[in-house]
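Each remark here refers to the structure printed beneath this line.
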Amino acid sequence: IHPAHASVLSLSLCLSLHLFRTLSSRAHLLAPPQRSRARPSSLYLNLPHPHGFPKPTGKVLDKILKAIRAGASPSGSSLVYLKKYLKAEEDFENNTILLKTLKKAVDEKKLEKDGGSYKIPGEIYAPPADETITIKDLEEGTGPAATSGNTVTMSYEGRLEDGTVFDSADKFRFMIDGGEVIKGWDRGVKGMKKGGKRQLIIPPKLGYGKKGSGPEIPPNATLDFTVTLVSISK
């Protein structure tokens with residue numbers, strides 16, 4: 001090789017080597033940025049729930065027990081009452097969970113079911129004053145006590161608070177809890193025995209209420225009955 005050509009070739013090699021080193025040292029500046037491979041769940045961590053986060057409901061049975069105690073009904077709390085109370089007071093409207101909880105509580109004997117009502121075992125509530133009958137046994141009688149479903153024959157006299165007699169009969173026949181008489185009679189006659197005699201003072205709510213009955217019984221009248229149980233049949 002001619003000496004002049006050798007010098008040119010040596011210079012070219014030096015320049016190429018210098019350029020390679022320069023580019024290598026700046027390679028990280030030219031490389032495309034690496035994307036973070038975040039887990040899918042982290043992408044939505046800070047996004048709001050479209051319907052808001054659900055409110056904690058707590059223990060449904062505790063809410064039911066609270067509702068029953070708030071109602072304090074001697075006959076228990078109906079399903080309709082429980083639904084209304086839980087919606088208004090506890091912001092709870094899941095009927096499916098409510099029914100499942102009630103069934104489980106009854107199966108586990110944490111609640112008692114009486115017809116269509118639910119009660120807390122061992123808890124008894126006194127009826128309010130306007131649903132309380134005053135019962136005074138004048139004569140006890142003999143034999144089995146009258147109960148729901150029995151047909152009884154009664155003699156009676158009914159008076160208003162001023163002593164006015166509005167009705168009487170020597171023989172009057174009806175079925176207890178059969179819907180044939182005022183509620184005060186259904187409740188007041190239970191437990192009587194043949195030949196037994198009672199005085200029943202019945203508040204308006206368990207008598208003829210706000211309307212009364214004909215000209216004889218005025219609205220909101222408290223009724224005073226003396227009743228005798230003549231016979232009992234099933």
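In the structure tokens, chains take the letters A, B, ... in the order shown, each chain's residues start at 1, and ligands count up from 1 in the order shown.
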DSSP strand (DSSP E or B) selection over range 19-228 of chain A, as a PyMOL selection string: chain A and resi 77-78+112-114+117-119+134-139+142+151-159+165-175+194+197-202+213+217+223-228
Test item: residues at most 7 Å from Leu160 in chain A, only C-alpha atoms, excluding those fewer than 3 positions along its chain, as a ChimeraX atom specification: /A:163-165,222-224
Serialized selection, N, CA, C and O atoms, as an mmCIF file, in the first residue's frame:
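Below you can see out_21.cif, which holds the result:
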```cif
data_model
loop_
_atom_site.group_PDB
_atom_site.id
_atom_site.type_symbol
_atom_site.label_atom_id
_atom_site.label_comp_id
_atom_site.auth_asym_id
_atom_site.auth_seq_id
_atom_site.Cartn_x
_atom_site.Cartn_y
_atom_site.Cartn_z
ATOM 1 N N GLY A 163 -123.777 3.421 82.840
ATOM 2 C CA GLY A 163 -124.668 2.409 83.404
ATOM 3 C C GLY A 163 -125.836 2.039 82.512
ATOM 4 O O GLY A 163 -126.602 1.122 82.833
ATOM 5 N N THR A 164 -125.962 2.719 81.357
ATOM 6 C CA THR A 164 -127.068 2.424 80.448
ATOM 7 C C THR A 164 -126.883 1.043 79.822
ATOM 8 O O THR A 164 -125.824 0.736 79.257
ATOM 9 N N VAL A 165 -127.911 0.176 79.939
ATOM 10 C CA VAL A 165 -127.855 -1.154 79.323
ATOM 11 C C VAL A 165 -128.212 -1.013 77.845
ATOM 12 O O VAL A 165 -129.289 -0.512 77.506
ATOM 13 N N THR A 222 -116.493 2.971 75.727
ATOM 14 C CA THR A 222 -115.955 1.875 76.528
ATOM 15 C C THR A 222 -117.132 1.028 76.989
ATOM 16 O O THR A 222 -118.126 1.549 77.499
ATOM 17 N N LEU A 223 -117.024 -0.285 76.799
ATOM 18 C CA LEU A 223 -118.145 -1.187 77.073
ATOM 19 C C LEU A 223 -117.877 -2.007 78.331
ATOM 20 O O LEU A 223 -116.768 -2.490 78.551
ATOM 21 N N ASP A 224 -118.941 -2.188 79.118
ATOM 22 C CA ASP A 224 -118.845 -2.955 80.372
ATOM 23 C C ASP A 224 -119.813 -4.135 80.277
ATOM 24 O O ASP A 224 -121.030 -3.964 80.316
#
```
Atomic distance CA of Tyr118 in chain A - CA of Val80 in chain A, expressed in Å with one decimal: 11.0 Å
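Counting from CA of Gly196 in chain A, the distance to CA of Ala146 in chain A is 10.5 Å.
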Selected residue of minimal separation from Phe92 in chain A among A:Lys210, A:Lys136, A:Lys59, A:Lys205, counting only C-alpha atoms: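 Smallest separation from Phe92 in chain A among the options: A:Lys59.
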Shell around Arg173 in chain A at 7 Å using only C-alpha atoms, local window under 5 positions removed, as a ChimeraX atom specification: /A:151-154
